[in-house]
$ cat input-v7.txt   # compact mmCIF, C-alpha atoms
# COMPACT_ATOMS: atom_id res chain seq x y z
CA MET A 21 16.97 -17.83 -0.41
CA TYR A 22 19.50 -20.60 -0.01
CA ASP A 23 19.83 -24.38 0.22
CA ALA A 24 21.72 -25.89 3.15
CA THR A 25 23.17 -29.36 3.68
CA TRP A 26 24.59 -30.58 6.98
CA SER A 27 25.45 -33.71 8.93
CA GLY A 28 23.92 -34.61 12.26
CA ASP A 29 22.68 -37.63 14.15
CA GLY A 30 24.67 -39.75 11.74
CA GLU A 31 22.63 -38.51 8.79
CA GLU A 32 22.94 -36.02 5.95
CA HIS A 33 20.26 -33.33 5.94
CA SER A 34 19.29 -30.79 3.32
CA GLN A 35 16.72 -28.03 3.43
CA ALA A 36 15.71 -24.99 1.41
CA PHE A 37 15.56 -21.82 3.50
CA VAL A 38 14.51 -18.19 3.25
CA VAL A 39 16.25 -15.41 5.18
CA ARG A 40 14.13 -12.36 6.04
CA LYS A 41 16.24 -9.37 6.98
CA ASP A 42 15.43 -5.72 7.53
CA PRO A 43 16.65 -3.96 4.39
CA PRO A 44 18.46 -0.59 4.71
CA ALA A 45 15.33 1.07 3.28
CA SER A 46 12.08 -0.24 1.91
CA LEU A 47 8.37 0.39 1.62
CA LEU A 48 8.00 -0.39 5.31
CA GLU A 49 9.92 -0.20 8.52
CA THR A 50 8.76 -3.21 10.49
CA ASP A 51 9.66 -5.44 13.39
CA ARG A 52 11.13 -8.85 12.51
CA GLU A 53 10.47 -10.22 16.00
CA ALA A 54 6.73 -9.54 15.74
CA GLU A 55 6.59 -11.08 12.28
CA TYR A 56 8.42 -14.17 13.56
CA GLY A 57 5.92 -14.43 16.42
CA PHE A 58 2.92 -14.40 14.10
CA TYR A 59 4.46 -16.95 11.75
CA SER A 60 5.37 -19.20 14.68
CA ALA A 61 1.89 -19.04 16.17
CA PHE A 62 0.32 -20.35 12.96
CA TRP A 63 2.76 -23.24 12.41
CA ASN A 64 0.80 -26.52 12.40
CA SER A 65 -2.53 -24.69 12.43
CA GLY A 66 -5.14 -24.60 9.67
CA VAL A 67 -3.30 -21.61 8.23
CA PRO A 68 -0.39 -22.80 6.06
CA VAL A 69 2.83 -20.96 6.86
CA PRO A 70 6.51 -21.79 6.43
CA ARG A 71 8.17 -23.26 9.49
CA MET A 72 10.21 -20.75 11.45
CA ARG A 73 13.74 -21.85 12.41
CA TRP A 74 15.78 -19.08 13.95
CA LEU A 75 15.33 -15.44 14.93
CA GLU A 76 18.35 -13.17 15.35
CA PRO A 77 17.62 -9.66 16.67
CA ASP A 78 21.32 -8.67 16.71
CA ALA A 79 21.74 -6.25 13.82
CA SER A 80 25.54 -6.54 13.81
CA ILE A 81 25.67 -10.05 12.38
CA ILE A 82 24.46 -9.52 8.80
CA GLY A 83 23.56 -5.85 8.94
CA GLY A 84 20.07 -6.07 10.40
CA PRO A 85 17.78 -8.26 12.51
CA PHE A 86 16.75 -11.38 10.58
CA PHE A 87 15.02 -14.70 10.79
CA ILE A 88 15.31 -17.92 8.86
CA MET A 89 12.39 -20.06 7.75
CA ASP A 90 11.85 -23.14 5.64
CA ARG A 91 11.18 -22.47 1.97
CA ILE A 92 7.92 -23.90 0.62
CA LEU A 93 8.75 -25.48 -2.72
CA GLY A 94 6.76 -26.05 -5.90
CA CYS A 95 4.49 -23.04 -5.59
CA GLU A 96 3.73 -19.87 -7.50
CA SER A 97 3.21 -16.47 -5.91
CA ASN A 98 3.18 -14.15 -8.92
CA THR A 99 0.28 -11.70 -8.88
CA ARG A 100 -0.37 -11.97 -12.63
CA ALA A 101 -0.11 -15.74 -13.03
CA PRO A 102 -3.77 -16.38 -12.03
CA GLN A 103 -4.79 -14.44 -15.15
CA ALA A 104 -3.43 -17.14 -17.46
CA PRO A 105 -3.49 -20.93 -17.81
CA PRO A 106 -3.16 -23.18 -15.92
CA TYR A 107 -4.34 -21.00 -13.02
CA LEU A 108 -7.12 -19.18 -14.84
CA ALA A 109 -9.40 -22.22 -14.66
CA VAL A 110 -8.95 -22.62 -10.89
CA GLN A 111 -9.64 -19.00 -9.87
CA PRO A 112 -12.86 -20.04 -8.03
CA GLU A 113 -10.99 -22.68 -6.01
CA MET A 114 -8.17 -20.26 -5.28
CA ALA A 115 -10.62 -17.61 -4.09
CA ARG A 116 -12.48 -20.08 -1.90
CA ASN A 117 -9.21 -21.24 -0.35
CA MET A 118 -8.05 -17.65 0.08
CA TYR A 119 -11.13 -16.63 2.06
CA ASP A 120 -11.43 -19.96 3.91
CA ILE A 121 -7.94 -19.38 5.29
CA LEU A 122 -8.76 -15.76 6.10
CA GLY A 123 -11.74 -17.04 8.08
CA ILE A 124 -9.44 -19.30 10.09
CA ILE A 125 -7.09 -16.37 10.74
CA ALA A 126 -10.04 -14.27 11.94
CA ASN A 127 -11.08 -16.94 14.43
CA PHE A 128 -7.61 -18.03 15.51
CA GLU A 129 -7.21 -18.26 19.28
CA TRP A 130 -4.12 -16.13 19.72
CA ARG A 131 -4.13 -16.11 23.51
CA GLY A 132 -1.41 -18.38 24.86
CA THR A 133 0.61 -18.21 21.62
CA ALA A 134 3.70 -16.24 20.61
CA ILE A 135 1.37 -13.52 19.36
CA GLU A 136 0.51 -12.56 22.91
CA ARG A 137 4.17 -11.57 23.45
CA VAL A 138 4.53 -9.43 20.34
CA ALA A 139 1.13 -7.75 19.84
CA GLU A 140 -1.04 -5.60 22.08
CA PRO A 141 -4.77 -6.36 21.80
CA PRO A 142 -6.94 -3.28 21.33
CA ALA A 143 -10.47 -2.98 22.71
CA ALA A 144 -13.16 -4.03 20.23
CA GLU A 145 -14.58 -0.50 20.30
CA THR A 146 -11.28 1.22 19.56
CA ALA A 147 -9.42 -1.19 17.25
CA TRP A 148 -10.07 1.27 14.41
CA GLU A 149 -8.64 4.20 16.38
CA LYS A 150 -5.40 2.41 17.10
CA GLU A 151 -4.78 1.51 13.46
CA LEU A 152 -5.79 4.94 12.21
CA ALA A 153 -3.48 6.69 14.68
CA HIS A 154 -0.62 4.37 13.67
CA TRP A 155 -0.94 5.06 9.95
CA GLU A 156 -1.68 8.75 10.35
CA GLY A 157 1.54 8.93 12.34
CA ILE A 158 3.44 7.26 9.51
CA ILE A 159 2.03 9.74 7.00
CA ASN A 160 2.93 12.62 9.33
CA VAL A 161 6.53 11.48 9.44
CA GLN A 162 7.02 10.20 5.91
CA GLU A 163 5.14 12.52 3.56
CA LEU A 164 7.36 14.52 1.25
CA SER A 165 4.51 16.77 0.19
CA PRO A 166 1.10 17.48 1.78
CA GLN A 167 -1.55 14.85 1.05
CA PRO A 168 -4.86 16.75 0.96
CA LEU A 169 -6.92 13.76 -0.15
CA MET A 170 -5.52 11.43 2.48
CA ARG A 171 -6.03 14.12 5.13
CA ALA A 172 -9.66 14.42 4.03
CA ALA A 173 -9.95 10.63 4.28
CA ILE A 174 -8.48 10.64 7.78
CA ARG A 175 -10.99 13.28 8.90
CA TRP A 176 -13.81 11.23 7.35
CA LEU A 177 -12.60 8.13 9.17
CA ARG A 178 -12.60 9.95 12.51
CA ALA A 179 -16.05 11.44 11.88
CA ASN A 180 -17.60 8.12 10.81
CA PRO A 181 -16.23 5.40 13.12
CA PRO A 182 -17.08 1.80 12.26
CA PRO A 183 -19.15 -0.47 14.51
CA PRO A 184 -17.09 -2.23 17.20
CA ALA A 185 -15.11 -5.26 16.06
CA GLN A 186 -17.17 -8.44 16.43
CA ARG A 187 -14.05 -10.02 17.87
CA VAL A 188 -10.50 -8.91 18.42
CA GLY A 189 -8.57 -11.32 16.26
CA VAL A 190 -5.44 -11.68 14.22
CA VAL A 191 -5.21 -9.31 11.29
CA HIS A 192 -2.60 -10.39 8.72
CA GLY A 193 -2.30 -6.79 7.57
CA ASP A 194 -1.41 -7.47 3.91
CA TYR A 195 -3.77 -10.29 2.91
CA ARG A 196 -4.10 -10.34 -0.86
CA VAL A 197 -3.21 -12.22 -4.02
CA GLY A 198 0.57 -11.92 -4.08
CA ASN A 199 1.10 -12.83 -0.45
CA PHE A 200 0.26 -16.49 -0.62
CA LEU A 201 1.86 -19.46 -2.37
CA TYR A 202 -0.43 -21.48 -4.62
CA ARG A 203 -0.40 -24.44 -6.98
CA GLU A 204 -2.06 -25.35 -10.26
CA ASP A 205 -5.12 -26.85 -8.58
CA GLY A 206 -5.83 -23.57 -6.78
CA SER A 207 -4.64 -24.91 -3.43
CA ILE A 208 -2.75 -22.55 -1.12
CA HIS A 209 0.35 -23.77 0.69
CA GLY A 210 1.77 -20.73 2.42
CA ILE A 211 0.54 -17.40 3.73
CA VAL A 212 3.54 -15.07 3.78
CA ASP A 213 4.53 -11.46 4.50
CA TRP A 214 3.22 -11.13 8.04
CA GLU A 215 5.24 -7.98 8.64
CA MET A 216 2.13 -5.84 9.20
CA ALA A 217 0.27 -8.43 11.29
CA HIS A 218 -1.43 -7.21 14.46
CA LEU A 219 -4.48 -7.78 16.61
CA GLY A 220 -7.62 -5.93 15.63
CA ASP A 221 -10.86 -6.07 13.68
CA PRO A 222 -10.84 -9.01 11.20
CA VAL A 223 -12.93 -6.94 8.77
CA GLU A 224 -9.72 -4.98 8.17
CA ASP A 225 -8.21 -7.94 6.26
CA LEU A 226 -11.35 -8.45 4.19
CA ALA A 227 -11.45 -4.78 3.17
CA TRP A 228 -7.71 -4.76 2.42
CA SER A 229 -8.15 -7.73 0.07
CA LEU A 230 -10.75 -5.71 -1.88
CA ASN A 231 -8.45 -2.70 -2.45
CA GLU A 232 -8.10 -1.53 -6.03
CA SER A 233 -4.32 -1.73 -5.84
CA TRP A 234 -4.53 -5.53 -5.91
CA GLN A 235 -7.15 -5.83 -8.63
CA TRP A 236 -4.49 -7.33 -10.84
CA ALA A 237 -6.80 -7.97 -13.81
CA LYS A 238 -7.89 -4.30 -13.75
CA ASP A 239 -11.49 -5.45 -13.99
CA GLY A 240 -12.75 -4.52 -10.54
CA ARG A 241 -12.35 -8.04 -9.14
CA PRO A 242 -10.40 -8.40 -5.89
CA GLY A 243 -7.05 -9.99 -6.64
CA GLY A 244 -8.22 -10.43 -10.22
CA ILE A 245 -9.71 -13.79 -9.21
CA VAL A 246 -13.16 -13.23 -7.69
CA ASP A 247 -15.96 -10.70 -7.80
CA ARG A 248 -16.47 -8.49 -4.77
CA GLU A 249 -19.82 -9.94 -3.65
CA THR A 250 -18.53 -13.50 -3.83
CA ALA A 251 -15.41 -12.54 -1.87
CA ILE A 252 -17.54 -11.05 0.90
CA THR A 253 -19.88 -14.06 0.95
CA LEU A 254 -16.95 -16.48 1.12
CA TRP A 255 -15.39 -14.53 3.97
CA GLU A 256 -18.65 -14.35 5.94
CA ARG A 257 -19.18 -18.09 5.54
CA ALA A 258 -15.61 -18.94 6.54
CA SER A 259 -15.28 -16.53 9.44
CA GLY A 260 -18.80 -16.75 10.83
CA LEU A 261 -18.62 -12.96 11.10
CA ARG A 262 -20.83 -10.40 9.40
CA ALA A 263 -19.34 -8.06 6.83
CA ASP A 264 -21.34 -5.04 7.99
CA PRO A 265 -21.38 -2.68 4.97
CA ALA A 266 -20.54 0.30 7.20
CA ALA A 267 -17.54 -1.55 8.63
CA VAL A 268 -16.37 -2.71 5.20
CA LEU A 269 -16.63 0.83 3.81
CA TRP A 270 -14.74 2.26 6.79
CA TRP A 271 -11.92 -0.28 6.48
CA GLU A 272 -11.77 0.21 2.70
CA VAL A 273 -11.28 3.94 3.12
CA PHE A 274 -8.70 3.14 5.79
CA SER A 275 -6.95 0.75 3.38
CA HIS A 276 -6.29 3.65 1.01
CA VAL A 277 -4.73 5.68 3.83
CA LYS A 278 -2.59 2.73 4.84
CA CYS A 279 -1.51 2.05 1.25
CA GLN A 280 -0.54 5.68 0.86
CA GLY A 281 1.47 5.47 4.08
CA ILE A 282 3.40 2.57 2.56
CA TRP A 283 3.96 4.22 -0.82
CA ILE A 284 5.18 7.52 0.64
CA THR A 285 7.50 5.72 3.06
CA GLY A 286 9.22 4.18 0.05
CA ALA A 287 9.28 7.53 -1.74
CA ARG A 288 11.04 9.18 1.20
CA SER A 289 13.60 6.35 1.48
CA PHE A 290 14.59 6.95 -2.13
CA GLN A 291 14.42 10.73 -1.94
CA GLU A 292 16.79 10.76 1.03
CA GLY A 293 19.27 8.48 -0.70
CA ARG A 294 18.95 5.60 1.77
CA THR A 295 18.47 3.28 -1.17
CA ASN A 296 18.76 3.33 -4.94
CA GLU A 297 16.18 0.57 -5.44
CA LEU A 298 14.26 1.74 -8.51
CA ILE A 299 11.13 -0.10 -7.40
CA LEU A 300 10.54 2.68 -4.85
CA PRO A 301 10.19 5.63 -7.26
CA MET A 302 8.29 3.31 -9.60
CA VAL A 303 5.79 2.58 -6.84
CA ALA A 304 5.61 6.27 -5.96
CA TYR A 305 5.09 7.40 -9.55
CA SER A 306 2.56 4.71 -10.36
CA LEU A 307 0.64 4.29 -7.12
CA ILE A 308 0.48 7.49 -5.06
CA ASN A 309 -1.81 9.28 -7.51
CA ALA A 310 -3.64 6.05 -8.36
CA GLN A 311 -4.35 5.52 -4.66
CA ASP A 312 -5.80 9.02 -4.41
CA GLN A 313 -8.09 8.22 -7.34
CA ALA A 314 -9.09 4.89 -5.80
CA LEU A 315 -10.00 6.72 -2.59
CA LEU A 316 -12.15 9.14 -4.59
CA ARG A 317 -13.98 6.16 -6.12
CA THR A 318 -14.54 4.52 -2.73
CA LEU A 319 -15.94 7.78 -1.36
CA GLY A 320 -18.20 8.08 -4.42
CA ARG A 321 -16.55 11.31 -5.56
CA ILE A 322 -15.66 9.96 -9.01
CA ALA A 323 -16.98 7.03 -11.03
CA MET B 27 17.92 21.53 -25.59
CA ARG B 28 17.05 19.72 -28.81
CA PRO B 29 16.08 17.00 -29.33
CA ASP B 30 13.59 17.62 -26.55
CA THR B 31 14.32 16.11 -23.16
CA SER B 32 11.06 14.19 -23.24
CA ARG B 33 11.88 12.67 -26.64
CA THR B 34 15.37 11.74 -25.48
CA LEU B 35 14.01 10.00 -22.40
CA GLN B 36 11.51 8.17 -24.57
CA GLY B 37 14.42 7.01 -26.73
CA ILE B 38 16.29 5.82 -23.66
CA ALA B 39 13.23 3.82 -22.54
CA ILE B 40 12.81 2.22 -25.97
CA ASN B 41 16.49 1.28 -26.09
CA LEU B 42 16.32 -0.26 -22.64
CA LEU B 43 13.30 -2.33 -23.59
CA THR B 44 14.43 -3.41 -27.05
CA ASN B 45 18.23 -3.59 -26.99
CA VAL B 46 19.40 -3.77 -23.40
CA ILE B 47 16.90 -6.03 -21.65
CA ALA B 48 17.62 -9.00 -23.93
CA GLU B 49 21.32 -8.82 -23.04
CA VAL B 50 20.74 -8.92 -19.29
CA LYS B 51 21.23 -12.40 -17.86
CA THR B 52 19.30 -12.45 -14.58
CA PRO B 53 15.56 -12.01 -13.95
CA PHE B 54 16.33 -9.38 -11.31
CA GLY B 55 18.51 -7.47 -13.77
CA GLN B 56 15.81 -7.66 -16.44
CA GLN B 57 13.22 -6.44 -13.95
CA THR B 58 15.47 -3.51 -13.02
CA VAL B 59 15.92 -2.55 -16.67
CA GLY B 60 12.15 -2.75 -17.17
CA ILE B 61 11.55 -0.49 -14.19
CA ALA B 62 14.17 1.97 -15.43
CA ALA B 63 12.40 2.08 -18.80
CA SER B 64 9.02 2.68 -17.16
CA LEU B 65 10.45 5.48 -15.06
CA ALA B 66 12.06 7.05 -18.12
CA MET B 67 8.67 7.10 -19.87
CA TRP B 68 6.98 8.76 -16.91
CA ILE B 69 9.80 11.23 -16.37
CA ALA B 70 9.58 12.13 -20.06
CA GLU B 71 5.95 13.17 -19.48
CA GLU B 72 6.67 14.94 -16.24
CA THR B 73 9.62 16.83 -17.72
CA GLU B 74 7.35 18.27 -20.37
CA ARG B 75 4.36 19.10 -18.20
CA GLY B 76 5.71 19.48 -14.65
CA ALA B 77 6.26 23.25 -14.55
CA ASP B 78 2.94 23.94 -16.26
CA ARG B 79 1.10 21.57 -13.91
CA LEU B 80 2.51 23.29 -10.85
CA VAL B 81 1.99 26.84 -12.14
CA VAL B 82 -1.66 26.05 -12.95
CA GLU B 83 -2.27 24.29 -9.64
CA ASN B 84 -0.58 26.98 -7.60
CA GLY B 85 -2.76 29.62 -9.26
CA VAL B 86 -5.98 27.68 -8.67
CA THR B 87 -5.05 26.97 -5.05
CA ARG B 88 -4.23 30.62 -4.39
CA GLU B 89 -7.68 31.62 -5.66
CA ILE B 90 -9.38 29.06 -3.41
CA LEU B 91 -7.41 30.20 -0.37
CA ALA B 92 -8.24 33.85 -1.05
CA ASP B 93 -11.94 33.13 -1.59
CA GLY B 94 -12.12 30.81 1.43
CA LEU B 95 -10.32 32.95 3.96
CA ALA B 96 -13.52 34.38 5.39
CA LEU B 97 -14.81 30.85 5.99
CA ALA B 98 -11.65 29.53 7.64
CA GLY B 99 -12.76 30.16 11.23
CA THR B 100 -10.14 28.91 13.69
CA ALA B 101 -7.92 27.88 10.76
CA ARG B 102 -7.72 31.48 9.56
CA ALA B 103 -4.10 32.00 10.61
CA ALA B 104 -2.95 28.84 8.82
CA VAL B 105 -4.90 29.71 5.68
CA GLU B 106 -3.69 33.30 5.75
CA ALA B 107 -0.08 32.19 6.12
CA ALA B 108 -0.42 29.78 3.21
CA ALA B 109 -2.10 32.42 1.03
CA ALA B 110 0.83 34.73 1.74
CA THR B 111 3.33 32.20 0.37
CA PRO B 112 5.66 34.10 -1.95
CA ALA B 113 5.46 33.11 -5.58
CA ALA B 114 8.30 30.85 -6.67
CA PRO B 115 11.29 33.06 -7.61
CA ASN B 116 11.89 31.05 -10.82
CA PHE B 117 10.44 28.20 -12.83
CA ARG B 118 12.61 25.46 -11.41
CA ILE B 119 10.46 22.47 -10.47
CA SER B 120 11.89 22.47 -6.94
CA SER B 121 10.84 26.13 -6.43
CA LEU B 122 7.36 25.57 -7.84
CA GLN B 123 6.96 22.38 -5.77
CA SER B 124 7.96 24.22 -2.60
CA GLU B 125 5.32 26.87 -3.33
CA ASN B 126 2.80 24.10 -4.07
CA ASP B 127 3.55 22.34 -0.76
CA SER B 128 2.97 25.53 1.20
CA LEU B 129 -0.28 26.34 -0.62
CA ARG B 130 -1.62 22.79 -0.26
CA ARG B 131 -0.94 22.82 3.47
CA GLY B 132 -3.25 25.82 3.59
CA LEU B 133 -5.77 24.01 1.41
CA ILE B 134 -5.88 21.14 3.92
CA ALA B 135 -6.52 23.59 6.77
CA LEU B 136 -9.28 25.35 4.81
CA HIS B 137 -10.87 22.05 3.77
CA ALA B 138 -11.01 20.84 7.37
CA ALA B 139 -12.59 24.16 8.43
CA VAL B 140 -15.31 24.34 5.81
CA GLU B 141 -16.37 20.70 5.92
CA SER B 142 -17.37 21.09 9.56
CA ASN B 143 -19.21 24.36 8.86
CA PRO B 144 -22.85 23.73 7.82
CA SER B 145 -23.39 27.15 6.19
CA ALA B 146 -24.24 27.16 2.50
CA ASP B 147 -21.14 29.22 1.66
CA ALA B 148 -18.90 26.79 3.52
CA GLN B 149 -20.48 23.78 1.86
CA SER B 150 -20.12 25.40 -1.52
CA MET B 151 -16.43 25.97 -0.78
CA ASN B 152 -16.16 22.37 0.43
CA GLU B 153 -17.42 21.14 -2.95
CA ARG B 154 -15.10 23.54 -4.78
CA ILE B 155 -12.14 22.09 -2.88
CA TRP B 156 -13.23 18.51 -3.66
CA ALA B 157 -13.52 19.48 -7.33
CA GLU B 158 -9.98 20.87 -7.25
CA LEU B 159 -8.64 17.76 -5.52
CA ILE B 160 -10.25 15.58 -8.19
CA GLU B 161 -8.73 17.81 -10.88
CA SER B 162 -5.35 17.63 -9.17
CA THR B 163 -5.33 13.84 -9.59
CA ARG B 164 -6.11 14.29 -13.30
CA ARG B 165 -3.15 16.67 -13.61
CA ARG B 166 -0.89 14.02 -12.11
CA GLN B 167 -2.21 11.14 -14.21
CA PHE B 168 0.38 9.77 -16.63
CA GLN B 169 -0.70 9.01 -20.18
CA ALA B 170 1.97 6.32 -20.59
CA ARG B 171 0.50 3.03 -19.38
CA ILE B 172 3.10 0.56 -18.26
CA GLY B 173 2.62 -3.11 -17.51
$ encode --input "input-v7.txt" --output "structure tokens"
Amino acid sequence: MYDATWSGDGEEHSQAFVVRKDPPASLLETDREAEYGFYSAFWNSGVPVPRMRWLEPDASIIGGPFFIMDRILGCESNTRAPQAPPYLAVQPEMARNMYDILGIIANFEWRGTAIERVAEPPAAETAWEKELAHWEGIINVQELSPQPLMRAAIRWLRANPPPPAQRVGVVHGDYRVGNFLYREDGSIHGIVDWEMAHLGDPVEDLAWSLNESWQWAKDGRPGGIVDRETAITLWERASGLRADPAAVLWWEVFSHVKCQGIWITGARSFQEGRTNELILPMVAYSLINAQDQALLRTLGRIA
Amino acid sequence: MRPDTSRTLQGIAINLLTNVIAEVKTPFGQQTVGIAASLAMWIAEETERGADRLVVENGVTREILADGLALAGTARAAVEAAAATPAAPNFRISSLQSENDSLRRGLIALHAAVESNPSADAQSMNERIWAELIESTRRRQFQARIG
């Protein structure tokens, strides 16, 4: 983050910016150009996003591809803050806003926008297959040790495909409390972290938001701000789509596989010495086994 | 080594959280110290239990592979190879983990084979494997709760 001041057109300008750069190693290895495309497509839409300014794919300039965007000021993004005043009282408003915006994302007309250049649309019938193959491939490459539970989940996912997507829409890919900027009245002013955005089945985002890993209050409520049934109702109302229980279950099981793909990618980065960021072994130690247990709960194998 | 490694790591974590963190000026630095303390607490547990956890799990997995071999069908070669994994030559965690990785690769192959086999024996083995996988997550669960 930085603040810039400059002169131009006979005036002094100042602006707060954020630089997003590929780190040497992280939980994910993603494409800055695609992320920039998704952000750009939503600028001035009903989905609040920071304004994109510049994209630089040349890795030689600051050590990796990067882009620069405006910084949205006066907001909170902490995952735990909604559990305490002043945000505690506005959890219902925050949840409604969260799923209203997700409904807009699900229905966003991406054709003719920057998204068309950076994302390949899958067929409605095979959107699940594309995502599953992608994340299975990541686990194949990144796992340090065999993952028998995730392999069982992957076999279950292949044997029990979900119904076709009701529409092929934008999937944020990491839509949860923690990836939006909010204020004390529960209003949301920025949806961020589009690095896993793609085109696919919008139910994927709903199911991801329900994942146990983001139940910050540890009370079974998605994001720690709303109960599961209300979240699903809000999403159905906002998106105009049906949250078919079979589809939600399929994408919830998938969300565990995807989470594990992310956690073990970070574990490998640290193991191989590409980074000494302590957050990576912390995530591995705290979340890899927890994700296995969450999967067992979703499959009804443990209470 | 005495005091025990696990106790020493616990002491390091407590020092980080009580003495060091207050002296660190930046939020990022404080967060890093907090993470280091959390890791020290977990490593203290794992140092104490790690070898035992792996020895127990390797034994259980070997028994499952031996009992399931006849049900492995087309995965027989993979299961047989895993079951033939030599025992770790010592009690170093890295040796036991390497043995564990090999055995669990075989467990995955056996699990895939029996879950698609409708026979009663195969389904019984399928449930036995699920029970072991559930138990394996309990073995890995840390008692120290952080955050």
$ atom_distance --input "input-v7.txt" --atom1 "CA of Glu141 (chain B)" --atom2 "CA of Arg175 (chain A)"
9.6 Å
$ residues_around --input "input-v7.txt" --residues "region 147-155 of chain B" --least-positions-apart "3" --cutoff "8 Å" --atoms "only C-alpha atoms" --output "list in words"
Ile90, Gly94, Leu97, Leu133, His137, Val140, Glu141, Asn143, Pro144, Glu158 and Leu159 of chain B
$ interface_residues --input "input-v7.txt" --of "chain B" --to "chain A" --cutoff "8 Å" --atoms "all atoms listed in the file" --output "list of chain:residue names"
B:Thr58, B:Ile61, B:Ala62, B:Ser64, B:Leu65, B:Trp68, B:Asp127, B:Arg130, B:Arg131, B:Leu133, B:Ile134, B:His137, B:Ala138, B:Leu159, B:Ile160, B:Thr163, B:Arg166, B:Gln167
$ atom_distance --input "input-v7.txt" --atom1 "CA of Ser207 (chain A)" --atom2 "CA of Pro222 (chain A)"
22.5 Å
$ atom_distance --input "input-v7.txt" --atom1 "CA of Ala139 (chain A)" --atom2 "CA of Met72 (chain A)"
17.9 Å
$ residues_near_point --input "input-v7.txt" --point "(-1.9, 34.2, 1.8)" --cutoff "9 Å" --atoms "only C-alpha atoms" --output "PyMOL selection string"
chain B and resi 88+91-92+95+104-112+129+132
$ residues_around --input "input-v7.txt" --residues "region 50-56 of chain A" --least-positions-apart "3" --cutoff "7 Å" --atoms "all atoms listed in the file" --output "PDB file with C-alpha atoms, in the frame of the given file"
ATOM      1  CA  TYR A  59       4.460 -16.950  11.750  1.00  0.00           C
ATOM      2  CA  SER A  60       5.370 -19.200  14.680  1.00  0.00           C
ATOM      3  CA  PRO A  85      17.780  -8.260  12.510  1.00  0.00           C
ATOM      4  CA  PHE A  86      16.750 -11.380  10.580  1.00  0.00           C
ATOM      5  CA  VAL A 138       4.530  -9.430  20.340  1.00  0.00           C
ATOM      6  CA  TRP A 214       3.220 -11.130   8.040  1.00  0.00           C
ATOM      7  CA  GLU A 215       5.240  -7.980   8.640  1.00  0.00           C
ATOM      8  CA  ALA A 217       0.270  -8.430  11.290  1.00  0.00           C
TER       9      ALA A 217
END
$ residues_around --input "input-v7.txt" --residues "Asn41 (chain B)" --least-positions-apart "5" --cutoff "12 Å" --atoms "only C-alpha atoms" --output "ChimeraX atom specification"
/B:34-36,46-49,59-60,62-64,66-67
$ residues_around --input "input-v7.txt" --residues "Trp74 (chain A)" --least-positions-apart "4" --cutoff "8 Å" --atoms "only C-alpha atoms" --output "list in words"
Phe87, Ile88 and Met89 of chain A
$ closest_residue --input "input-v7.txt" --among "A:Thr99, A:Ile174, A:Met118, A:Ala185" --to "Trp148 (chain A)" --atoms "all atoms listed in the file"
A:Ala185
$ residues_near_point --input "input-v7.txt" --point "(2.3, 10.5, -17.4)" --cutoff "7 Å" --atoms "all atoms listed in the file" --output "MDAnalysis selection string"
chainID B and resid 68 71:72 167:170
$ axis_aligned_box --input "input-v7.txt" --around "region 119-126 of chain B" --padding-each-side "3 Å" --output "AutoDock Vina command-line options"
--center_x 7.3 --center_y 24.6 --center_z -6.5 --size_x 15.1 --size_y 10.5 --size_z 13.9
$ residues_around --input "input-v7.txt" --residues "Glu125 (chain B)" --least-positions-apart "6" --cutoff "10 Å" --atoms "all atoms listed in the file" --output "MDAnalysis selection string"
chainID B and resid 80:81 84 108 111:115 119
$ closest_residue --input "input-v7.txt" --among "A:Phe274, A:Arg91, A:Asp205, A:Ile282" --to "Leu315 (chain A)" --atoms "only C-alpha atoms"
A:Phe274
